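Structure data follow from run11.pdb (PDB, C-alpha atoms):
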ATOM      1  CA  MET A   1    -247.793 173.418 149.946
ATOM      2  CA  ARG A   2    -244.022 173.335 149.621
ATOM      3  CA  LYS A   3    -242.322 170.461 151.427
ATOM      4  CA  PRO A   4    -239.956 171.485 154.240
ATOM      5  CA  ILE A   5    -236.270 171.051 153.371
ATOM      6  CA  LEU A   6    -234.065 169.039 155.712
ATOM      7  CA  LYS A   7    -230.299 168.958 155.365
ATOM      8  CA  LEU A   8    -228.936 165.592 156.459
ATOM      9  CA  GLY A   9    -225.224 165.483 157.236
ATOM     10  CA  VAL A  10    -223.587 162.252 156.147
ATOM     11  CA  THR A  11    -220.099 161.096 157.107
ATOM     12  CA  ASP A  12    -218.483 160.415 153.748
ATOM     13  CA  LEU A  13    -217.858 156.672 154.008
ATOM     14  CA  SER A  14    -219.797 154.029 152.118
ATOM     15  CA  PHE A  15    -221.619 152.377 155.032
ATOM     16  CA  HIS A  16    -222.645 155.815 156.358
ATOM     17  CA  HIS A  17    -224.051 156.495 152.884
ATOM     18  CA  VAL A  18    -226.147 153.338 153.244
ATOM     19  CA  THR A  19    -227.589 154.303 156.620
ATOM     20  CA  ALA A  20    -228.227 157.876 155.521
ATOM     21  CA  SER A  21    -230.068 156.592 152.453
ATOM     22  CA  LEU A  22    -232.334 154.479 154.657
ATOM     23  CA  VAL A  23    -233.009 157.495 156.895
ATOM     24  CA  SER A  24    -233.591 159.721 153.846
ATOM     25  CA  HIS A  25    -236.329 157.416 152.544
ATOM     26  CA  VAL A  26    -238.060 157.524 155.928
ATOM     27  CA  LEU A  27    -237.860 161.328 156.057
ATOM     28  CA  THR A  28    -239.102 161.624 152.479
ATOM     29  CA  ASN A  29    -242.066 159.417 153.353
ATOM     30  CA  MET A  30    -242.858 161.874 156.142
ATOM     31  CA  GLY A  31    -243.136 164.667 153.563
ATOM     32  CA  PHE A  32    -239.717 166.282 153.879
ATOM     33  CA  ASN A  33    -237.441 167.258 151.032
ATOM     34  CA  VAL A  34    -234.091 165.771 152.055
ATOM     35  CA  GLU A  35    -230.737 167.107 150.912
ATOM     36  CA  ARG A  36    -227.751 164.931 151.828
ATOM     37  CA  VAL A  37    -224.546 166.817 152.627
ATOM     38  CA  TYR A  38    -221.420 164.625 152.559
ATOM     39  CA  ALA A  39    -218.331 165.509 154.599
ATOM     40  CA  PRO A  40    -215.473 163.822 156.504
ATOM     41  CA  HIS A  41    -216.051 162.970 160.165
ATOM     42  CA  GLN A  42    -215.076 166.246 161.871
ATOM     43  CA  ASN A  43    -216.547 168.435 159.134
ATOM     44  CA  ASN A  44    -219.848 166.606 159.365
ATOM     45  CA  PHE A  45    -220.077 167.541 163.039
ATOM     46  CA  LYS A  46    -218.862 171.093 162.326
ATOM     47  CA  ASN A  47    -221.742 171.438 159.863
ATOM     48  CA  LEU A  48    -224.141 170.236 162.550
ATOM     49  CA  LYS A  49    -222.671 172.739 165.031
ATOM     50  CA  SER A  50    -222.970 175.664 162.607
ATOM     51  CA  GLY A  51    -226.480 174.710 161.507
ATOM     52  CA  ASP A  52    -225.402 173.990 157.946
ATOM     53  CA  VAL A  53    -227.092 170.616 158.457
ATOM     54  CA  ASP A  54    -230.108 169.828 160.611
ATOM     55  CA  LEU A  55    -229.434 166.156 161.333
ATOM     56  CA  LEU A  56    -226.454 163.831 161.190
ATOM     57  CA  ALA A  57    -226.231 160.156 160.245
ATOM     58  CA  SER A  58    -224.805 158.353 162.028
ATOM     59  CA  ALA A  59    -222.987 159.321 165.220
ATOM     60  CA  TRP A  60    -221.037 156.564 166.969
ATOM     61  CA  LEU A  61    -221.373 157.103 170.699
ATOM     62  CA  PRO A  62    -219.672 157.227 173.109
ATOM     63  CA  SER A  63    -216.223 156.167 171.835
ATOM     64  CA  SER A  64    -215.668 157.188 168.235
ATOM     65  CA  HIS A  65    -217.629 160.437 167.937
ATOM     66  CA  GLY A  66    -218.283 161.419 171.535
ATOM     67  CA  ILE A  67    -215.691 164.217 171.416
ATOM     68  CA  TYR A  68    -217.325 165.669 168.306
ATOM     69  CA  LYS A  69    -220.817 165.504 169.815
ATOM     70  CA  ALA A  70    -219.594 167.259 172.967
ATOM     71  CA  ASP A  71    -218.148 170.046 170.822
ATOM     72  CA  VAL A  72    -221.481 170.585 169.042
ATOM     73  CA  GLU A  73    -223.343 170.644 172.358
ATOM     74  CA  GLN A  74    -221.263 173.601 173.503
ATOM     75  CA  VAL A  75    -223.599 175.658 171.309
ATOM     76  CA  MET A  76    -226.612 173.419 170.587
ATOM     77  CA  PRO A  77    -228.167 170.471 172.471
ATOM     78  CA  LEU A  78    -228.690 167.360 170.378
ATOM     79  CA  VAL A  79    -231.437 164.749 170.356
ATOM     80  CA  GLU A  80    -230.392 161.108 169.845
ATOM     81  CA  LEU A  81    -232.801 158.992 167.821
ATOM     82  CA  GLY A  82    -232.844 155.297 166.917
ATOM     83  CA  LEU A  83    -230.184 152.623 167.106
ATOM     84  CA  HIS A  84    -228.989 152.102 163.555
ATOM     85  CA  TYR A  85    -226.472 149.421 164.527
ATOM     86  CA  GLU A  86    -223.849 148.726 167.183
ATOM     87  CA  PRO A  87    -220.462 149.519 165.654
ATOM     88  CA  TYR A  88    -217.031 148.925 167.002
ATOM     89  CA  ALA A  89    -213.437 149.298 165.849
ATOM     90  CA  HIS A  90    -210.991 146.426 165.665
ATOM     91  CA  TRP A  91    -207.775 145.256 164.092
ATOM     92  CA  GLY A  92    -208.145 142.088 162.099
ATOM     93  CA  VAL A  93    -206.175 139.584 160.063
ATOM     94  CA  PRO A  94    -207.324 137.285 157.234
ATOM     95  CA  ASP A  95    -208.472 133.881 158.464
ATOM     96  CA  TYR A  96    -205.507 132.133 156.798
ATOM     97  CA  VAL A  97    -203.194 133.731 159.396
ATOM     98  CA  PRO A  98    -203.049 131.027 162.107
ATOM     99  CA  GLN A  99    -204.611 132.004 165.412
ATOM    100  CA  SER A 100    -201.812 130.110 167.135
ATOM    101  CA  ALA A 101    -199.380 132.620 165.637
ATOM    102  CA  VAL A 102    -201.393 135.835 165.907
ATOM    103  CA  ASN A 103    -204.198 136.022 168.454
ATOM    104  CA  GLU A 104    -203.704 139.456 170.020
ATOM    105  CA  ILE A 105    -201.950 142.712 169.194
ATOM    106  CA  SER A 106    -198.813 141.906 171.177
ATOM    107  CA  ASP A 107    -198.296 138.788 169.015
ATOM    108  CA  LEU A 108    -197.369 141.114 166.159
ATOM    109  CA  LEU A 109    -194.027 141.570 167.918
ATOM    110  CA  LYS A 110    -193.096 137.866 167.829
ATOM    111  CA  PRO A 111    -189.923 137.319 165.774
ATOM    112  CA  ASP A 112    -191.537 134.718 163.508
ATOM    113  CA  VAL A 113    -194.552 136.981 162.922
ATOM    114  CA  LEU A 114    -192.332 139.954 162.130
ATOM    115  CA  THR A 115    -190.732 137.982 159.310
ATOM    116  CA  LYS A 116    -194.088 137.127 157.708
ATOM    117  CA  MET A 117    -196.401 140.068 158.411
ATOM    118  CA  GLN A 118    -196.747 142.948 155.971
ATOM    119  CA  LYS A 119    -195.403 145.962 157.868
ATOM    120  CA  THR A 120    -197.613 148.630 156.296
ATOM    121  CA  ILE A 121    -200.968 149.027 158.054
ATOM    122  CA  GLN A 122    -203.248 150.984 155.728
ATOM    123  CA  GLY A 123    -205.957 153.003 157.447
ATOM    124  CA  ILE A 124    -208.608 155.489 156.363
ATOM    125  CA  ASN A 125    -208.887 159.246 156.953
ATOM    126  CA  ALA A 126    -207.349 160.996 159.934
ATOM    127  CA  GLY A 127    -210.612 161.995 161.653
ATOM    128  CA  ALA A 128    -212.018 158.486 161.962
ATOM    129  CA  GLY A 129    -212.156 156.888 165.395
ATOM    130  CA  ILE A 130    -210.348 153.783 164.132
ATOM    131  CA  THR A 131    -207.516 156.011 162.886
ATOM    132  CA  ARG A 132    -207.137 157.894 166.176
ATOM    133  CA  PHE A 133    -207.202 154.620 168.084
ATOM    134  CA  SER A 134    -204.741 152.925 165.715
ATOM    135  CA  ILE A 135    -202.169 155.723 165.869
ATOM    136  CA  ASN A 136    -202.225 155.440 169.664
ATOM    137  CA  MET A 137    -201.858 151.648 169.473
ATOM    138  CA  MET A 138    -198.786 151.953 167.270
ATOM    139  CA  LYS A 139    -197.090 153.825 170.111
ATOM    140  CA  GLU A 140    -198.500 151.941 173.108
ATOM    141  CA  TYR A 141    -197.661 148.496 171.732
ATOM    142  CA  GLY A 142    -194.238 149.494 170.376
ATOM    143  CA  LEU A 143    -195.226 148.617 166.825
ATOM    144  CA  THR A 144    -193.516 151.563 165.162
ATOM    145  CA  SER A 145    -190.188 150.742 166.749
ATOM    146  CA  ALA A 146    -190.662 147.132 165.584
ATOM    147  CA  GLY A 147    -190.858 148.299 161.960
ATOM    148  CA  TYR A 148    -194.619 148.668 161.399
ATOM    149  CA  GLU A 149    -196.000 151.783 159.718
ATOM    150  CA  PHE A 150    -199.555 153.100 159.928
ATOM    151  CA  LEU A 151    -200.787 155.117 156.935
ATOM    152  CA  THR A 152    -203.906 157.243 156.621
ATOM    153  CA  GLY A 153    -205.719 157.279 153.304
ATOM    154  CA  THR A 154    -209.046 156.754 151.593
ATOM    155  CA  GLU A 155    -211.538 153.939 152.022
ATOM    156  CA  HIS A 156    -210.300 152.541 148.715
ATOM    157  CA  ASP A 157    -206.695 152.611 149.920
ATOM    158  CA  CYS A 158    -207.593 150.602 153.009
ATOM    159  CA  PHE A 159    -209.913 148.061 151.436
ATOM    160  CA  SER A 160    -207.869 147.441 148.303
ATOM    161  CA  ALA A 161    -204.714 146.943 150.400
ATOM    162  CA  PHE A 162    -206.543 144.197 152.298
ATOM    163  CA  GLU A 163    -208.033 142.549 149.215
ATOM    164  CA  ASN A 164    -204.711 142.677 147.369
ATOM    165  CA  ALA A 165    -203.028 140.966 150.318
ATOM    166  CA  VAL A 166    -205.741 138.299 150.416
ATOM    167  CA  ALA A 167    -205.324 137.655 146.688
ATOM    168  CA  THR A 168    -201.712 136.653 147.308
ATOM    169  CA  GLN A 169    -202.331 135.099 150.755
ATOM    170  CA  THR A 170    -200.026 137.708 152.293
ATOM    171  CA  TRP A 171    -200.181 138.125 156.059
ATOM    172  CA  CYS A 172    -201.598 141.580 156.765
ATOM    173  CA  ILE A 173    -203.341 143.680 159.386
ATOM    174  CA  VAL A 174    -206.470 145.665 158.558
ATOM    175  CA  PRO A 175    -207.672 148.433 160.916
ATOM    176  CA  LEU A 176    -211.385 148.014 160.453
ATOM    177  CA  TRP A 177    -214.798 148.227 162.061
ATOM    178  CA  LYS A 178    -218.185 146.659 161.931
ATOM    179  CA  PRO A 179    -220.330 147.187 159.928
ATOM    180  CA  GLN A 180    -218.290 147.182 156.710
ATOM    181  CA  PHE A 181    -218.753 145.319 153.422
ATOM    182  CA  LEU A 182    -215.476 143.368 153.684
ATOM    183  CA  HIS A 183    -217.077 141.337 156.465
ATOM    184  CA  TYR A 184    -219.833 140.203 154.103
ATOM    185  CA  LYS A 185    -217.328 138.462 151.816
ATOM    186  CA  HIS A 186    -214.257 137.719 153.944
ATOM    187  CA  THR A 187    -213.680 136.034 157.285
ATOM    188  CA  ILE A 188    -211.607 138.576 159.190
ATOM    189  CA  ARG A 189    -210.436 137.425 162.601
ATOM    190  CA  GLU A 190    -210.388 140.143 165.227
ATOM    191  CA  LEU A 191    -207.223 140.449 167.282
ATOM    192  CA  LYS A 192    -207.580 140.732 171.033
ATOM    193  CA  GLU A 193    -206.632 144.152 172.369
ATOM    194  CA  PRO A 194    -206.463 143.878 176.178
ATOM    195  CA  GLN A 195    -205.526 147.515 176.811
ATOM    196  CA  GLY A 196    -208.919 148.711 175.543
ATOM    197  CA  LEU A 197    -207.395 151.281 173.174
ATOM    198  CA  LEU A 198    -209.974 150.588 170.458
ATOM    199  CA  GLY A 199    -212.864 151.921 172.500
ATOM    200  CA  VAL A 200    -216.096 150.129 173.338
ATOM    201  CA  VAL A 201    -219.058 148.941 171.308
ATOM    202  CA  ASP A 202    -220.784 152.150 170.248
ATOM    203  CA  ARG A 203    -224.385 153.078 169.499
ATOM    204  CA  ALA A 204    -224.912 154.417 165.979
ATOM    205  CA  VAL A 205    -227.670 157.015 166.212
ATOM    206  CA  LEU A 206    -229.289 159.856 164.316
ATOM    207  CA  LEU A 207    -228.490 163.260 165.829
ATOM    208  CA  LEU A 208    -231.027 166.083 165.512
ATOM    209  CA  ARG A 209    -230.348 169.680 166.483
ATOM    210  CA  GLU A 210    -232.750 170.607 169.280
ATOM    211  CA  ASP A 211    -233.731 173.798 167.451
ATOM    212  CA  LYS A 212    -235.016 171.659 164.563
ATOM    213  CA  GLN A 213    -237.091 169.341 166.729
ATOM    214  CA  ALA A 214    -240.210 171.480 166.190
ATOM    215  CA  LEU A 215    -240.199 170.530 162.489
ATOM    216  CA  PHE A 216    -241.401 167.076 163.541
ATOM    217  CA  ASN A 217    -244.509 165.891 165.294
ATOM    218  CA  GLN A 218    -244.229 163.314 168.057
ATOM    219  CA  ALA A 219    -245.297 160.426 165.820
ATOM    220  CA  GLN A 220    -242.510 161.280 163.373
ATOM    221  CA  LEU A 221    -239.926 161.480 166.161
ATOM    222  CA  ASN A 222    -241.161 158.116 167.421
ATOM    223  CA  THR A 223    -240.713 156.617 163.947
ATOM    224  CA  LEU A 224    -237.143 157.916 163.711
ATOM    225  CA  ASP A 225    -236.470 156.499 167.153
ATOM    226  CA  LYS A 226    -237.734 153.077 166.019
ATOM    227  CA  LEU A 227    -235.141 152.759 163.256
ATOM    228  CA  ARG A 228    -233.248 149.574 164.020
ATOM    229  CA  PHE A 229    -230.914 147.957 161.537
ATOM    230  CA  SER A 230    -227.834 145.893 162.487
ATOM    231  CA  ASN A 231    -224.155 145.481 161.684
ATOM    232  CA  GLU A 232    -224.999 142.554 159.412
ATOM    233  CA  ILE A 233    -227.743 144.386 157.505
ATOM    234  CA  ILE A 234    -225.613 147.466 156.871
ATOM    235  CA  ALA A 235    -222.633 145.311 155.800
ATOM    236  CA  GLU A 236    -224.809 143.397 153.325
ATOM    237  CA  LEU A 237    -226.359 146.542 151.820
ATOM    238  CA  ASP A 238    -222.911 148.167 151.685
ATOM    239  CA  TYR A 239    -221.608 145.127 149.776
ATOM    240  CA  LYS A 240    -224.454 145.321 147.248
ATOM    241  CA  VAL A 241    -223.647 148.966 146.565
ATOM    242  CA  CYS A 242    -219.837 148.887 146.649
ATOM    243  CA  LYS A 243    -219.082 145.471 145.157
ATOM    244  CA  ASN A 244    -222.202 144.535 143.171
ATOM    245  CA  LEU A 245    -222.513 148.170 142.008
ATOM    246  CA  GLN A 246    -226.252 148.352 142.610
ATOM    247  CA  PRO A 247    -227.739 151.880 142.929
ATOM    248  CA  LEU A 248    -227.631 152.994 146.563
ATOM    249  CA  ASP A 249    -231.158 154.354 146.882
ATOM    250  CA  ASP A 250    -232.647 151.344 145.081
ATOM    251  CA  VAL A 251    -230.901 148.939 147.450
ATOM    252  CA  THR A 252    -232.095 150.765 150.554
ATOM    253  CA  ARG A 253    -235.625 151.325 149.241
ATOM    254  CA  ASN A 254    -235.968 147.632 148.442
ATOM    255  CA  TRP A 255    -234.801 146.740 151.937
ATOM    256  CA  LEU A 256    -237.301 149.102 153.569
ATOM    257  CA  ASN A 257    -240.112 147.794 151.360
ATOM    258  CA  ASN A 258    -239.346 144.275 152.583
ATOM    259  CA  ASN A 259    -238.771 145.327 156.197
ATOM    260  CA  PRO A 260    -241.388 147.946 157.106
ATOM    261  CA  ILE A 261    -240.862 150.019 160.255
ATOM    262  CA  ARG A 262    -243.124 148.801 163.049
TER     263      ARG A 262
END

Can you dump the structure from the file as C-alpha cells?
Amino acid sequence: MRKPILKLGVTDLSFHHVTASLVSHVLTNMGFNVERVYAPHQNNFKNLKSGDVDLLASAWLPSSHGIYKADVEQVMPLVELGLHYEPYAHWGVPDYVPQSAVNEISDLLKPDVLTKMQKTIQGINAGAGITRFSINMMKEYGLTSAGYEFLTGTEHDCFSAFENAVATQTWCIVPLWKPQFLHYKHTIRELKEPQGLLGVVDRAVLLLREDKQALFNQAQLNTLDKLRFSNEIIAELDYKVCKNLQPLDDVTRNWLNNNPIR
C-alpha cells in the first residue's frame, strides 16, 4: 500500500528547519511520506491557505504569526497541535556592554551610548515578527532620528553582523528571538522594552488544515499534540546544524532516539 503524502510547510529559517525535521521524523514513523516545502513567513501561510501544504511548522501565536493564521482561517479552520517551544522576540546586546550603560531601549539615546554603539541594526527578512516589531520600535523610540538604521536581510546577514561585532568587542544591537543558535554560544543580554512593542511570549505550534484532519487517527493526533521541546533544545540542535555543520536530519533523529515521545 502506498504511503499517504503529507506536505509540511516550513518557514525558511534554520531553527524552523530543526523543528520541522523533528516533526517530519514523527510523521514518517506514523507511515506518512513527508515532503517539506520551504518558504518565507507570509508565503508559508499562503501555501497553507491555498492547500499547497497540509501542515505548517511552526506558527508563533498569538503575537508573531497571529495575523497570518487569521488570514488562513478566512477560508480554512486550523487545528493547533503541540507546544514546540515558547518563543519570543527581543533586542539584545553582547554581555560586554555594561548594563549600567544600556539596560533598556531608551538608553540607546544616551549621548555616551550614541558615541559607542554601532548605528546599523541588522535584521532578517521583512515578514518576520521581529522585523515588524523592530521597524515600529525605530519610530516609537525615536531611534531613526537619533542616527540608528534598521536593515532587513538574510539570517546570515543578521548573525554574521553580530558575530563580527563580538569579534572586535564592538557595541552592537541584535534584533533576535529565542530559540536561536547564537544563544547557545553567546551571552546576549535582553534590553527591557517597557512599551511592549515586541509582543508577548508566543506558543510555537504545528498547524493542520481541518480538511486534512481525517488523514490521522486520534492516537496520531494525540502524539502530535504531545510534542514538547523547548527554547534551549531547539537552540542547541540549531547550533549543531548551523555551526558544527552536522546533518540536520541526523541531529534531530538522534535527539528523538534519546528522548522518546511519551

Got a sec to resolve the PyMOL selection byres ((chain A and resi 213) around 12) on this structure and send the residues as a list of chain:residue names?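 So the PyMOL selection byres ((chain A and resi 213) around 12) ends up selecting A:Leu6, A:Asp54, A:Leu55, A:Met76, A:Pro77, A:Leu78, A:Val79, A:Glu80, A:Leu81, A:Leu207, A:Leu208, A:Arg209, A:Glu210, A:Asp211, A:Lys212, A:Ala214, A:Leu215, A:Phe216, A:Asn217, A:Gln218, A:Gln220, A:Leu221, A:Asn222, A:Leu224.
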
Resolved residues for the PyMOL selection byres ((chain A and resi 191) around 8) as a list in words: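 Written out, the selection comes to His90, Trp91, Gly92, Val93, Val102, Asn103, Glu104, Ile105, Arg189, Glu190, Lys192 and Glu193 of chain A.
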
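Counting all atoms listed in the file, the residue from A:Gln169, A:Gln118, A:Gln195, A:Gln74 that sits nearest to Asn136 (chain A) is A:Gln195.
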
Let me make sure I understand: among A:Ala89, A:Ile5, A:Pro98, A:Gly199, which one has the smallest atom-to-atom distance to Gly31 (chain A) if we use all atoms listed in the file?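 Closest candidate: A:Ile5.
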
What do you get, as a PyMOL selection string, if you spell out every residue that the PyMOL selection byres ((chain A and resi 66-69) around 10) selects here? chain A and resi 41-46+48-49+59-65+70-74+76-78+129+202+207

Nearest-residue call for Thr115 (chain A), choices A:Pro94, A:Gly147, A:Gly142, A:Gly9, using all atoms listed in the file: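 Smallest separation from Thr115 (chain A) among the options: A:Gly147.
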
For the interface of region 48-97 of chain A with region 235-253 of chain A (cut-off 12 Å, counting all atoms listed in the file), please tabulate each contacting residue of region 48-97 of chain A alongside its nearest pair of atoms and their separation in Å to one decimal, rows sorted by chain and increasing number, as a tab-separated table.
residue	atom	partner	partner_atom	distance
A:Tyr85	CA	A:Ala235	CA	10.4
A:Glu86	CA	A:Ala235	CA	11.9
A:Pro87	CA	A:Ala235	CA	10.9

Between CA of Pro175 (chain A) and CA of Lys119 (chain A), what is the spacing in Å?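 Value for the CA of Lys119 (chain A)-CA of Pro175 (chain A) distance: 12.9 Å.
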
Could you give me, as a list in words, the residues within 12 Å of Pro260 (chain A), counting only C-alpha atoms and dropping anything in the same chain fewer than 5 positions from it?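 Listed by chain and then number, they are Leu22, His25, Val26, Thr223, Lys226, Leu227, Arg228, Phe229, Thr252, Arg253, Asn254 and Trp255 of chain A.
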
Find the distance between CA of Ala101 (chain A) and CA of Leu176 (chain A) and write it in Å to one decimal. 20.2 Å

If we count all atoms listed in the file and set the cut-off at 12 Å, which residues sit around His156 (chain A), ignoring sequence neighbours fewer than 2 positions away in its own chain? Please answer as a list in words. Leu13, Ser14, Gln122, Gly123, Ile124, Asn125, Thr152, Gly153, Thr154, Cys158, Phe159, Ser160, Ala161, Phe162, Glu163, Asn164, Leu182, Cys242 and Lys243 of chain A

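Here CA of Ile233 (chain A) and CA of Lys178 (chain A) stand 10.8 Å from one another.
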
How big is the axis-aligned box, and where does its centre sit, when it encloses all atoms of region 244-249 of chain A listed in the file and has 3 Å added on every side, reported in Å to one decimal as AutoDock Vina command-line options?
--center_x -226.7 --center_y 149.4 --center_z 144.4 --size_x 15.0 --size_y 15.8 --size_z 10.9

Between A:Val10, A:Val97, A:Val18, A:Leu114, smallest distance to Val166 (chain A) by all atoms listed in the file belongs to A:Val97

Tell me, as a PDB file with C-alpha atoms, in the frame of the given file, which residues lie within 9 Å of Val113 (chain A), counting only C-alpha atoms; anything in the same chain fewer than 3 positions away does not count.
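File produced: selection-v2.pdb:
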ATOM      1  CA  ALA A 101    -199.380 132.620 165.637  1.00  0.00           C
ATOM      2  CA  VAL A 102    -201.393 135.835 165.907  1.00  0.00           C
ATOM      3  CA  ASP A 107    -198.296 138.788 169.015  1.00  0.00           C
ATOM      4  CA  LEU A 108    -197.369 141.114 166.159  1.00  0.00           C
ATOM      5  CA  LEU A 109    -194.027 141.570 167.918  1.00  0.00           C
ATOM      6  CA  LYS A 110    -193.096 137.866 167.829  1.00  0.00           C
ATOM      7  CA  LYS A 116    -194.088 137.127 157.708  1.00  0.00           C
ATOM      8  CA  MET A 117    -196.401 140.068 158.411  1.00  0.00           C
ATOM      9  CA  TRP A 171    -200.181 138.125 156.059  1.00  0.00           C
TER      10      TRP A 171
END

Nearest to Phe32 (chain A) by atom-to-atom distance, counting all atoms listed in the file, from A:Leu56, A:Ile130, A:Ile261, A:Leu8: A:Leu8
